[in-house]
$ cat final19.txt   # compact mmCIF, C-alpha atoms
# COMPACT_ATOMS: atom_id res chain seq x y z
CA MET A 1 195.75 23.12 76.35
CA GLY A 2 196.33 19.48 77.30
CA LYS A 3 199.69 18.20 78.37
CA LYS A 4 201.79 16.92 75.49
CA ASN A 5 202.95 13.32 75.76
CA ALA A 6 206.67 12.69 76.10
CA ASN A 7 208.57 11.43 73.08
CA GLY A 8 208.06 7.67 72.72
CA GLU A 9 205.10 7.58 75.09
CA GLY A 10 202.65 7.30 72.21
CA SER A 11 199.42 9.03 71.39
CA ILE A 12 195.78 7.98 70.96
CA TRP A 13 193.08 9.66 68.91
CA GLN A 14 189.67 8.98 67.38
CA ARG A 15 189.36 8.83 63.63
CA GLN A 16 186.53 10.31 61.57
CA ASP A 17 185.00 6.88 61.01
CA GLY A 18 184.59 6.47 64.78
CA ARG A 19 187.41 3.97 65.32
CA TRP A 20 190.33 4.71 67.63
CA ALA A 21 193.99 4.70 66.62
CA GLY A 22 197.28 4.98 68.42
CA SER A 23 200.97 5.19 67.58
CA ALA A 24 204.32 4.96 69.32
CA TYR A 25 207.99 4.64 68.40
CA VAL A 26 209.07 1.05 69.03
CA LEU A 27 212.09 -1.15 68.35
CA THR A 28 212.05 -2.95 64.97
CA ALA A 29 213.93 -5.99 63.71
CA ASP A 30 216.73 -3.94 62.08
CA GLY A 31 217.60 -2.30 65.44
CA THR A 32 216.06 1.10 64.72
CA TYR A 33 212.99 2.77 66.20
CA LYS A 34 210.01 3.41 63.94
CA ARG A 35 206.45 4.62 64.43
CA GLN A 36 204.01 1.71 64.80
CA TYR A 37 200.23 2.12 64.54
CA VAL A 38 197.52 0.14 66.31
CA TYR A 39 193.73 0.29 65.97
CA GLY A 40 190.72 -0.62 68.09
CA LYS A 41 187.05 -0.03 68.80
CA SER A 42 187.64 2.03 71.94
CA TRP A 43 190.26 4.17 73.70
CA ASP A 44 190.88 1.40 76.23
CA ASP A 45 191.40 -1.18 73.48
CA VAL A 46 194.03 0.96 71.76
CA HIS A 47 195.66 1.88 75.06
CA ASP A 48 196.09 -1.82 75.96
CA LYS A 49 197.65 -2.58 72.58
CA LEU A 50 200.06 0.35 72.86
CA THR A 51 201.02 -0.67 76.38
CA ARG A 52 201.91 -4.20 75.24
CA LEU A 53 203.76 -2.86 72.21
CA LYS A 54 205.89 -0.50 74.32
CA ALA A 55 206.51 -3.16 76.98
CA ASP A 56 207.85 -5.56 74.33
CA SER A 57 210.02 -2.79 72.88
CA GLN A 58 211.49 -1.95 76.28
CA SER A 59 212.21 -5.67 76.83
CA GLY A 60 214.17 -5.81 73.59
CA VAL A 61 211.50 -7.67 71.57
CA PRO A 62 211.26 -6.02 68.12
CA ALA A 63 207.88 -5.24 66.61
CA ALA A 64 206.81 -7.19 63.52
CA THR A 65 206.59 -5.09 60.38
CA SER A 66 205.69 -7.62 57.66
CA LYS A 67 202.46 -7.11 55.73
CA LEU A 68 202.43 -10.61 54.25
CA THR A 69 199.63 -13.06 54.90
CA VAL A 70 200.42 -16.56 56.12
CA GLY A 71 199.48 -17.93 52.70
CA GLU A 72 201.81 -15.54 50.87
CA PHE A 73 204.70 -16.28 53.19
CA MET A 74 204.19 -20.07 53.02
CA THR A 75 204.22 -19.89 49.21
CA TYR A 76 207.46 -17.89 49.32
CA TRP A 77 209.02 -20.25 51.87
CA LEU A 78 208.18 -23.34 49.83
CA MET A 79 209.59 -21.97 46.58
CA HIS A 80 212.72 -20.22 47.83
CA VAL A 81 213.67 -22.06 51.01
CA ALA A 82 212.20 -25.54 51.41
CA ARG A 83 212.73 -26.56 47.78
CA LEU A 84 216.46 -25.93 48.12
CA LYS A 85 216.92 -27.62 51.51
CA VAL A 86 214.89 -30.84 51.53
CA ARG A 87 214.65 -33.95 49.39
CA PRO A 88 212.14 -33.95 46.48
CA THR A 89 209.82 -36.39 48.26
CA THR A 90 209.86 -34.26 51.41
CA TYR A 91 209.18 -31.11 49.40
CA ALA A 92 206.23 -32.82 47.69
CA ALA A 93 204.77 -33.62 51.13
CA TYR A 94 205.34 -30.02 52.31
CA GLU A 95 203.68 -28.60 49.21
CA SER A 96 200.67 -30.91 49.41
CA LEU A 97 200.02 -30.26 53.11
CA THR A 98 200.46 -26.51 52.67
CA ARG A 99 198.11 -26.38 49.69
CA ASN A 100 195.42 -28.63 51.16
CA TYR A 101 195.53 -27.64 54.84
CA LEU A 102 197.60 -24.61 55.83
CA ILE A 103 196.57 -22.12 53.16
CA PRO A 104 192.81 -22.89 53.36
CA GLY A 105 192.93 -22.78 57.18
CA LEU A 106 195.37 -19.96 57.96
CA GLY A 107 196.24 -18.44 54.59
CA LYS A 108 194.28 -15.19 54.97
CA LYS A 109 195.64 -14.43 58.42
CA LYS A 110 198.24 -11.65 58.62
CA LEU A 111 201.63 -13.17 59.38
CA THR A 112 202.35 -10.63 62.11
CA ARG A 113 198.99 -11.27 63.79
CA LEU A 114 199.30 -15.05 63.90
CA THR A 115 199.20 -16.33 67.48
CA ALA A 116 199.75 -19.65 69.20
CA ARG A 117 196.02 -19.72 69.90
CA ASP A 118 195.27 -19.40 66.16
CA ILE A 119 197.57 -22.31 65.36
CA ARG A 120 196.22 -24.53 68.13
CA SER A 121 192.63 -23.81 67.10
CA PHE A 122 193.45 -24.57 63.47
CA LEU A 123 195.07 -27.92 64.33
CA VAL A 124 192.21 -29.00 66.59
CA THR A 125 189.62 -28.03 63.97
CA THR A 126 191.56 -29.82 61.22
CA ALA A 127 191.77 -33.01 63.27
CA ARG A 128 187.96 -33.01 63.65
CA THR A 129 187.10 -32.14 60.04
CA CYS A 130 186.44 -34.69 57.31
CA GLN A 131 188.94 -33.72 54.64
CA CYS A 132 186.94 -35.42 51.92
CA CYS A 133 184.23 -32.83 52.63
CA ALA A 134 186.61 -29.93 53.23
CA GLN A 135 188.69 -30.47 50.10
CA GLY A 136 185.80 -31.58 47.90
CA LYS A 137 187.62 -34.73 46.83
CA ASP A 138 184.48 -36.54 45.67
CA LYS A 139 183.10 -33.51 43.84
CA ALA A 140 186.20 -33.44 41.65
CA ARG A 141 185.46 -36.95 40.39
CA PRO A 142 183.26 -37.62 37.34
CA GLU A 143 179.59 -37.69 38.30
CA ARG A 144 179.26 -41.45 37.82
CA LYS A 145 182.15 -42.07 40.23
CA ARG A 146 181.06 -39.71 43.00
CA ARG A 147 180.41 -41.26 46.40
CA CYS A 148 180.03 -40.49 50.12
CA CYS A 149 180.62 -36.77 50.76
CA ALA A 150 179.53 -35.64 47.30
CA LEU A 151 176.25 -37.50 47.85
CA GLY A 152 175.63 -36.11 51.32
CA GLU A 153 176.97 -39.18 53.17
CA CYS A 154 180.05 -38.10 55.10
CA CYS A 155 182.78 -40.74 55.05
CA GLU A 156 184.46 -39.23 58.15
CA GLY A 157 187.83 -39.07 56.46
CA TYR A 158 189.64 -37.36 59.31
CA PRO A 159 193.40 -36.71 59.02
CA SER A 160 195.69 -38.92 61.07
CA ASP A 161 197.53 -37.73 64.17
CA ARG A 162 200.74 -37.93 62.17
CA THR A 163 199.35 -35.54 59.54
CA VAL A 164 198.24 -33.02 62.18
CA ARG A 165 201.65 -33.16 63.88
CA PHE A 166 203.42 -32.76 60.54
CA LEU A 167 201.40 -29.58 59.90
CA LEU A 168 202.80 -28.16 63.14
CA VAL A 169 206.33 -29.20 62.14
CA ILE A 170 205.99 -27.36 58.82
CA LEU A 171 204.64 -24.23 60.51
CA ARG A 172 207.46 -24.21 63.04
CA ALA A 173 210.08 -24.53 60.31
CA ALA A 174 208.53 -21.79 58.14
CA LEU A 175 207.98 -19.32 61.00
CA GLN A 176 211.51 -19.90 62.26
CA HIS A 177 212.77 -18.81 58.87
CA ALA A 178 210.54 -15.73 59.12
CA VAL A 179 212.29 -14.91 62.40
CA ARG A 180 215.71 -15.31 60.76
CA GLU A 181 214.67 -12.95 57.96
CA ASP A 182 213.34 -10.40 60.49
CA GLU A 183 209.76 -10.81 59.31
CA LEU A 184 208.67 -11.85 62.82
CA PRO A 185 210.02 -11.11 66.29
CA ARG A 186 209.46 -14.66 67.55
CA ASN A 187 208.19 -18.06 66.46
CA VAL A 188 204.71 -18.42 67.98
CA ALA A 189 204.39 -22.01 66.72
CA ARG A 190 207.02 -23.08 69.25
CA ASN A 191 204.54 -22.36 72.02
CA VAL A 192 202.01 -24.84 70.63
CA GLU A 193 201.95 -28.33 72.12
CA LEU A 194 199.74 -31.22 71.10
CA GLY A 195 198.51 -34.16 73.15
CA MET A 196 200.10 -37.59 73.00
CA GLY A 197 197.77 -38.74 70.25
CA THR A 198 197.64 -42.31 68.99
CA LYS A 199 200.75 -44.12 67.89
CA ARG A 200 200.64 -46.65 65.08
CA GLU A 201 201.06 -50.12 66.54
CA ILE A 202 204.02 -51.89 64.99
CA GLU A 203 204.38 -55.65 65.12
CA PRO A 204 207.10 -56.94 62.77
CA LEU A 205 207.24 -60.49 61.47
CA THR A 206 208.38 -63.19 63.83
CA ALA A 207 211.42 -65.31 63.00
CA GLN A 208 209.10 -68.13 61.90
CA GLU A 209 207.10 -65.78 59.65
CA GLY A 210 210.33 -64.41 58.21
CA ARG A 211 211.51 -67.92 57.33
CA ARG A 212 208.20 -68.72 55.66
CA LEU A 213 208.28 -65.49 53.66
CA LEU A 214 211.81 -66.06 52.36
CA ALA A 215 211.09 -69.70 51.61
CA ALA A 216 208.00 -68.78 49.58
CA ALA A 217 209.93 -66.02 47.77
CA ARG A 218 212.77 -68.30 46.63
CA GLY A 219 212.73 -68.39 42.84
CA ASP A 220 210.45 -65.33 42.55
CA ARG A 221 211.61 -62.38 40.48
CA LEU A 222 211.74 -60.27 43.65
CA TRP A 223 213.37 -62.89 45.87
CA ALA A 224 216.48 -60.74 46.40
CA VAL A 225 214.29 -57.75 47.32
CA TYR A 226 212.80 -59.61 50.28
CA GLU A 227 216.20 -60.99 51.31
CA LEU A 228 217.69 -57.48 51.43
CA ALA A 229 214.69 -56.02 53.27
CA VAL A 230 214.53 -58.75 55.94
CA ARG A 231 218.23 -59.42 56.48
CA ILE A 232 219.79 -55.92 56.23
CA GLY A 233 216.72 -53.65 56.56
CA LEU A 234 216.86 -51.70 53.29
CA ARG A 235 214.02 -49.25 52.70
CA ARG A 236 211.75 -49.69 49.70
CA GLY A 237 213.31 -46.75 47.85
CA GLU A 238 216.83 -47.95 48.67
CA VAL A 239 216.12 -51.41 47.26
CA LEU A 240 214.51 -50.10 44.06
CA GLY A 241 217.32 -47.53 43.59
CA LEU A 242 220.12 -50.08 44.07
CA ARG A 243 222.58 -50.28 41.17
CA TRP A 244 224.98 -53.06 40.25
CA GLN A 245 227.89 -50.66 40.68
CA ASP A 246 226.85 -50.35 44.36
CA VAL A 247 227.06 -54.11 44.94
CA ASP A 248 230.29 -56.06 45.46
CA LEU A 249 229.33 -59.73 45.29
CA TYR A 250 232.96 -60.86 45.60
CA ASP A 251 233.64 -59.19 48.97
CA GLY A 252 229.99 -59.27 50.03
CA VAL A 253 229.43 -55.53 50.54
CA LEU A 254 226.55 -53.28 49.51
CA THR A 255 226.69 -49.46 49.41
CA VAL A 256 223.52 -47.36 49.64
CA ARG A 257 224.04 -44.29 47.44
CA GLN A 258 220.60 -43.43 46.06
CA THR A 259 216.90 -44.03 46.50
CA LEU A 260 214.09 -44.30 43.95
CA GLN A 261 210.84 -42.43 44.67
CA ARG A 262 207.80 -41.27 42.73
CA VAL A 263 207.69 -37.46 42.88
CA GLY A 264 205.27 -35.31 40.91
CA GLY A 265 204.16 -38.24 38.76
CA LYS A 266 207.72 -39.26 37.85
CA LEU A 267 210.15 -41.83 39.19
CA VAL A 268 213.13 -39.89 40.50
CA ALA A 269 216.48 -41.13 41.79
CA SER A 270 217.65 -38.96 44.66
CA SER A 271 220.10 -39.00 47.55
CA PRO A 272 219.33 -41.19 50.59
CA LYS A 273 216.97 -39.98 53.31
CA THR A 274 219.71 -38.60 55.60
CA GLU A 275 223.48 -38.29 55.54
CA ARG A 276 223.77 -41.42 57.70
CA SER A 277 221.48 -43.32 55.32
CA ALA A 278 224.31 -43.37 52.76
CA ARG A 279 226.15 -46.37 54.19
CA ARG A 280 228.09 -49.59 53.53
CA VAL A 281 226.55 -52.83 54.76
CA ALA A 282 228.02 -56.32 54.86
CA LEU A 283 225.97 -58.77 52.79
CA PRO A 284 224.95 -62.08 54.38
CA ASP A 285 225.66 -65.15 52.26
CA GLU A 286 221.93 -65.62 51.58
CA CYS A 287 221.73 -62.11 50.09
CA VAL A 288 224.76 -62.76 47.89
CA THR A 289 223.16 -65.96 46.59
CA ALA A 290 219.87 -64.18 45.85
CA LEU A 291 221.65 -61.31 44.09
CA ARG A 292 223.64 -63.72 41.91
CA ALA A 293 220.36 -65.37 40.91
CA ARG A 294 218.92 -61.92 40.18
CA LYS A 295 221.88 -61.07 37.94
CA ALA A 296 221.42 -64.25 35.92
CA GLN A 297 217.70 -63.55 35.64
CA GLN A 298 218.35 -60.02 34.39
CA ARG A 299 220.70 -61.35 31.69
CA ALA A 300 217.93 -63.68 30.51
CA ASP A 301 215.44 -60.77 30.49
CA LYS A 302 217.84 -58.71 28.38
CA ILE A 303 218.17 -61.47 25.81
CA ALA A 304 214.43 -62.10 25.64
CA ALA A 305 213.37 -58.45 25.51
CA GLU A 306 212.56 -56.89 22.15
CA GLU A 307 213.77 -53.53 23.45
CA TRP A 308 215.94 -53.42 26.58
CA LYS A 309 215.93 -50.09 28.47
CA GLY A 310 218.00 -50.95 31.51
CA ASP A 311 221.58 -50.18 30.46
CA ALA A 312 221.39 -46.47 31.25
CA ASN A 313 220.25 -46.75 34.87
CA ASP A 314 222.13 -49.97 35.81
CA LEU A 315 219.42 -50.84 38.34
CA VAL A 316 219.50 -54.23 40.06
CA PHE A 317 215.72 -54.60 40.14
CA THR A 318 213.90 -53.84 36.90
CA THR A 319 210.92 -55.00 34.88
CA ARG A 320 211.31 -57.50 32.06
CA ARG A 321 212.12 -54.58 29.73
CA GLY A 322 214.71 -53.04 32.03
CA THR A 323 212.60 -50.14 33.28
CA PRO A 324 212.49 -49.18 36.98
CA ILE A 325 209.92 -50.95 39.18
CA GLU A 326 206.99 -48.83 40.32
CA PRO A 327 207.05 -48.60 44.17
CA ARG A 328 203.33 -49.30 44.43
CA ASN A 329 203.70 -52.39 42.26
CA LEU A 330 206.27 -53.68 44.76
CA ASN A 331 203.73 -53.17 47.55
CA ARG A 332 201.13 -55.17 45.62
CA ALA A 333 203.60 -57.96 44.88
CA PHE A 334 204.59 -58.10 48.54
CA SER A 335 200.96 -58.43 49.68
CA LEU A 336 200.50 -61.37 47.30
CA MET A 337 203.73 -62.91 48.58
CA CYS A 338 202.43 -62.69 52.16
CA ASP A 339 199.34 -64.62 51.05
CA ARG A 340 201.48 -67.23 49.30
CA ALA A 341 203.62 -67.66 52.42
CA LYS A 342 200.45 -67.81 54.57
CA ILE A 343 201.60 -65.08 56.94
CA ARG A 344 200.04 -61.82 58.13
CA ARG A 345 199.81 -58.98 55.63
CA VAL A 346 202.11 -56.22 56.84
CA ARG A 347 203.60 -53.13 55.19
CA PHE A 348 206.78 -53.58 53.18
CA HIS A 349 208.42 -51.11 55.57
CA ASP A 350 207.64 -53.52 58.42
CA LEU A 351 210.35 -55.81 57.01
CA ARG A 352 212.79 -53.13 58.13
CA HIS A 353 211.30 -53.33 61.62
CA THR A 354 211.65 -57.11 61.38
CA CYS A 355 215.35 -56.82 60.61
CA ALA A 356 215.99 -54.50 63.57
CA SER A 357 213.98 -56.62 65.99
CA LEU A 358 215.67 -59.86 64.95
CA LEU A 359 219.12 -58.28 65.29
CA HIS A 360 218.14 -56.98 68.72
CA GLU A 361 216.81 -60.35 69.85
CA GLN A 362 219.97 -62.13 68.71
CA GLY A 363 222.14 -59.89 70.86
CA ALA A 364 223.31 -57.20 68.39
CA ASP A 365 224.12 -53.95 70.20
CA ALA A 366 222.23 -50.75 69.43
CA ARG A 367 225.22 -49.16 67.70
CA THR A 368 225.46 -52.04 65.22
CA ILE A 369 221.73 -51.92 64.47
CA MET A 370 221.98 -48.15 63.99
CA GLU A 371 224.81 -48.55 61.46
CA VAL A 372 223.00 -51.31 59.55
CA LEU A 373 219.77 -49.33 59.25
CA GLY A 374 221.49 -45.98 58.63
CA HIS A 375 219.76 -44.02 61.38
CA SER A 376 220.89 -40.50 62.22
CA SER A 377 220.64 -41.14 65.98
CA ILE A 378 220.66 -44.16 68.24
CA ARG A 379 217.47 -42.91 69.91
CA VAL A 380 215.49 -43.56 66.71
CA THR A 381 216.87 -47.09 66.64
CA MET A 382 215.90 -47.87 70.22
CA ASP A 383 212.54 -46.06 70.35
CA ILE A 384 211.04 -47.20 67.06
CA TYR A 385 212.79 -50.14 65.49
CA THR A 386 213.79 -52.46 68.33
CA PHE A 387 210.40 -53.98 69.00
CA VAL A 388 210.44 -56.28 72.04
CA ARG A 389 208.11 -59.21 71.52
CA ILE A 390 205.93 -60.78 74.19
CA ASP A 391 207.93 -64.03 73.88
CA SER A 392 211.15 -62.13 74.57
CA GLN A 393 209.55 -60.50 77.61
CA ARG A 394 208.47 -63.90 78.95
CA SER A 395 211.95 -65.27 78.40
CA ALA A 396 213.44 -62.37 80.33
CA PHE A 397 210.94 -62.84 83.17
CA ASP A 398 211.78 -66.55 83.30
CA ARG A 399 215.46 -65.74 83.73
CA VAL A 400 214.65 -63.27 86.52
CA GLY A 401 212.39 -65.87 88.13
CA ALA A 402 215.20 -68.42 88.04
CA VAL A 403 217.53 -65.99 89.82
CA LEU A 404 214.94 -65.28 92.48
CA ARG A 405 214.24 -69.00 93.01
CA ASP A 406 217.95 -69.72 93.41
CA SER A 407 218.27 -66.98 95.99
CA ASN A 408 215.25 -68.24 97.89
CA ASP A 409 216.73 -71.73 98.39
CA GLY A 410 218.98 -70.50 101.18
CA ASP A 411 220.49 -67.41 102.71
CA ASP A 412 223.82 -66.73 100.99
CA GLY A 413 224.86 -64.19 103.57
CA ASP A 414 223.21 -61.07 102.21
CA GLY A 415 219.90 -61.71 103.95
CA LEU A 416 217.95 -61.93 100.68
CA GLY A 417 216.60 -65.42 101.42
CA GLY A 418 215.22 -64.31 104.76
CA VAL A 419 213.59 -61.22 103.29
CA LEU A 420 211.87 -63.25 100.56
CA ALA A 421 210.68 -65.81 103.12
CA ILE A 422 209.13 -63.08 105.27
CA VAL A 423 207.41 -61.51 102.26
$ encode --input "final19.txt" --output "structure tokens"
Amino acid sequence: MGKKNANGEGSIWQRQDGRWAGSAYVLTADGTYKRQYVYGKSWDDVHDKLTRLKADSQSGVPAATSKLTVGEFMTYWLMHVARLKVRPTTYAAYESLTRNYLIPGLGKKKLTRLTARDIRSFLVTTARTCQCCAQGKDKARPERKRRCCALGECCEGYPSDRTVRFLLVILRAALQHAVREDELPRNVARNVELGMGTKREIEPLTAQEGRRLLAAARGDRLWAVYELAVRIGLRRGEVLGLRWQDVDLYDGVLTVRQTLQRVGGKLVASSPKTERSARRVALPDECVTALRARKAQQRADKIAAEEWKGDANDLVFTTRRGTPIEPRNLNRAFSLMCDRAKIRRVRFHDLRHTCASLLHEQGADARTIMEVLGHSSIRVTMDIYTFVRIDSQRSAFDRVGAVLRDSNDGDDGDGLGGVLAIV
């Protein structure tokens, strides 16, 4: 009779179907020890799995016990966790990326068997896959409107680096919640790192382009929109969600309290992007003038309209009937305004970059710029929004050159002139 294994050492046997199985008592997430089963094609395969399982248990790493798939858990996390924690626009992005990318790519994988290698392979494959083909976007269109992928001509619609990185961010957040709920022993997505990727080149308007834009916009229905975006860096949603009760034209102060976004096919007013985004900003005189003109214009619209619908929302920027302005319509109007001003076409959000860069160039400190833009950290302000132009670099080099030339005229006692002469 063979020697009986000690308690906890585990046992291995061959099943009737020819596969091998093994079991051992291991530590679980609730602090107790339970029997865990593993399976393999050979005795050695099962033995290796049991060895790793027992080693983790002895190191204090609990064994995963969840039977959920990644798709099932992501659906649960979206409905019961993410929906309650993030803004509606952020949730809409989470839901879309999960539905279109994560569930098709990783949804059938068992949550407990998901590895860093699985995640890395999924992200690399996604980055190299035309999503028009993968998601069948063209096939969903009416037959007369089908093009490219549906006709066998791949349009190479690869996802951007930002999309791929955002998929990893979502996975990390969801798996971390699984760890907190004792569904997983550790967050394997934290071990996944991506390359540097490509960063979107940002070049805000120059001071001359900004002057031309504001000059061309004077008298336009959206004149005050451009003034607020260029001079105090309001986001598109913050401008469109601005109410008259948030504006003090007498003291020249504006308070950001809400933002207007299109979510799920509806225009929704929600809280600002972050806690720091809710802020008070001093209004320059030019903004006050533009807002007074906007107020007079809105009174005229109200008188001329057959049915005015703007009293309930109290929005500063509305259509001629008082309804909220569609964000995409603002983008279209801005593109036409760039053409009228004869400047480069840039994104509306680049006006926010323009504001930060101009403040930086005129000597405003980083803390002031951070408060004006409503950033949650000064690092965001310095890394992204304070674009240093080539002209500013040349100016700085000229000042350094002047210092070096002055020092080279004669030795002032520190030996610098002699060193430069030798060099």
$ residues_around --input "final19.txt" --residues "range 103-115 of chain A" --least-positions-apart "2" --cutoff "7 Å" --atoms "only C-alpha atoms" --output "PyMOL selection string"
chain A and resi 64+66-71+98-101+117-119+122+184+188
$ atom_distance --input "final19.txt" --atom1 "CA of Arg128 in chain A" --atom2 "CA of Arg162 in chain A"
13.8 Å
$ atom_distance --input "final19.txt" --atom1 "CA of Ile343 in chain A" --atom2 "CA of Asp220 in chain A"
16.9 Å
$ residues_around --input "final19.txt" --residues "Leu373 in chain A" --least-positions-apart "5" --cutoff "10 Å" --atoms "all atoms listed in the file" --output "PDB file with C-alpha atoms, in the frame of the given file"
ATOM      1  CA  ILE A 232     219.790 -55.920  56.230  1.00  0.00           C
ATOM      2  CA  GLY A 233     216.720 -53.650  56.560  1.00  0.00           C
ATOM      3  CA  LEU A 234     216.860 -51.700  53.290  1.00  0.00           C
ATOM      4  CA  ARG A 235     214.020 -49.250  52.700  1.00  0.00           C
ATOM      5  CA  ARG A 276     223.770 -41.420  57.700  1.00  0.00           C
ATOM      6  CA  SER A 277     221.480 -43.320  55.320  1.00  0.00           C
ATOM      7  CA  ALA A 278     224.310 -43.370  52.760  1.00  0.00           C
ATOM      8  CA  ARG A 279     226.150 -46.370  54.190  1.00  0.00           C
ATOM      9  CA  VAL A 281     226.550 -52.830  54.760  1.00  0.00           C
ATOM     10  CA  ARG A 352     212.790 -53.130  58.130  1.00  0.00           C
ATOM     11  CA  HIS A 353     211.300 -53.330  61.620  1.00  0.00           C
ATOM     12  CA  CYS A 355     215.350 -56.820  60.610  1.00  0.00           C
ATOM     13  CA  ALA A 356     215.990 -54.500  63.570  1.00  0.00           C
ATOM     14  CA  THR A 368     225.460 -52.040  65.220  1.00  0.00           C
ATOM     15  CA  THR A 381     216.870 -47.090  66.640  1.00  0.00           C
ATOM     16  CA  TYR A 385     212.790 -50.140  65.490  1.00  0.00           C
TER      17      TYR A 385
END
$ residues_around --input "final19.txt" --residues "Gln298 in chain A" --least-positions-apart "6" --cutoff "12 Å" --atoms "all atoms listed in the file" --output "ChimeraX atom specification"
/A:221-222,244,291-292,304-305,308-311,314-323
$ residues_around --input "final19.txt" --residues "Leu213 in chain A" --least-positions-apart "3" --cutoff "6 Å" --atoms "only C-alpha atoms" --output "list of chain:residue names"
A:Gly210, A:Ala216, A:Ala341
$ atom_distance --input "final19.txt" --atom1 "CA of Glu72 in chain A" --atom2 "CA of Leu171 in chain A"
13.3 Å
$ residues_around --input "final19.txt" --residues "Asp285 in chain A" --least-positions-apart "6" --cutoff "12 Å" --atoms "only C-alpha atoms" --output "count of residues only"
12
$ closest_residue --input "final19.txt" --among "A:Ala333, A:Leu240, A:Met382, A:Leu123" --to "Ile369 in chain A" --atoms "all atoms listed in the file"
A:Met382
$ closest_residue --input "final19.txt" --among "A:Ala217, A:Leu351, A:Leu205, A:Tyr91" --to "Met79 in chain A" --atoms "all atoms listed in the file"
A:Tyr91
$ closest_residue --input "final19.txt" --among "A:Thr354, A:Thr51, A:Ser377, A:Ser59" --to "Ala229 in chain A" --atoms "only C-alpha atoms"
A:Thr354
$ closest_residue --input "final19.txt" --among "A:Arg218, A:Asn313, A:Glu307, A:Glu326" --to "Ala293 in chain A" --atoms "only C-alpha atoms"
A:Arg218
$ closest_residue --input "final19.txt" --among "A:Cys155, A:Met337, A:Leu168, A:Leu404" --to "Thr126 in chain A" --atoms "only C-alpha atoms"
A:Leu168
$ residues_near_point --input "final19.txt" --point "(200.8, 0.7, 70.3)" --cutoff "9 Å" --atoms "all atoms listed in the file" --output "list in words"
Gly10, Ser11, Ile12, Ala21, Gly22, Ser23, Ala24, Tyr25, Val26, Gln36, Tyr37, Val38, Tyr39, Val46, His47, Asp48, Lys49, Leu50, Thr51, Arg52, Leu53 and Lys54 of chain A
$ closest_residue --input "final19.txt" --among "A:Cys133, A:Lys41, A:Val192, A:Arg332" --to "Arg15 in chain A" --atoms "all atoms listed in the file"
A:Lys41
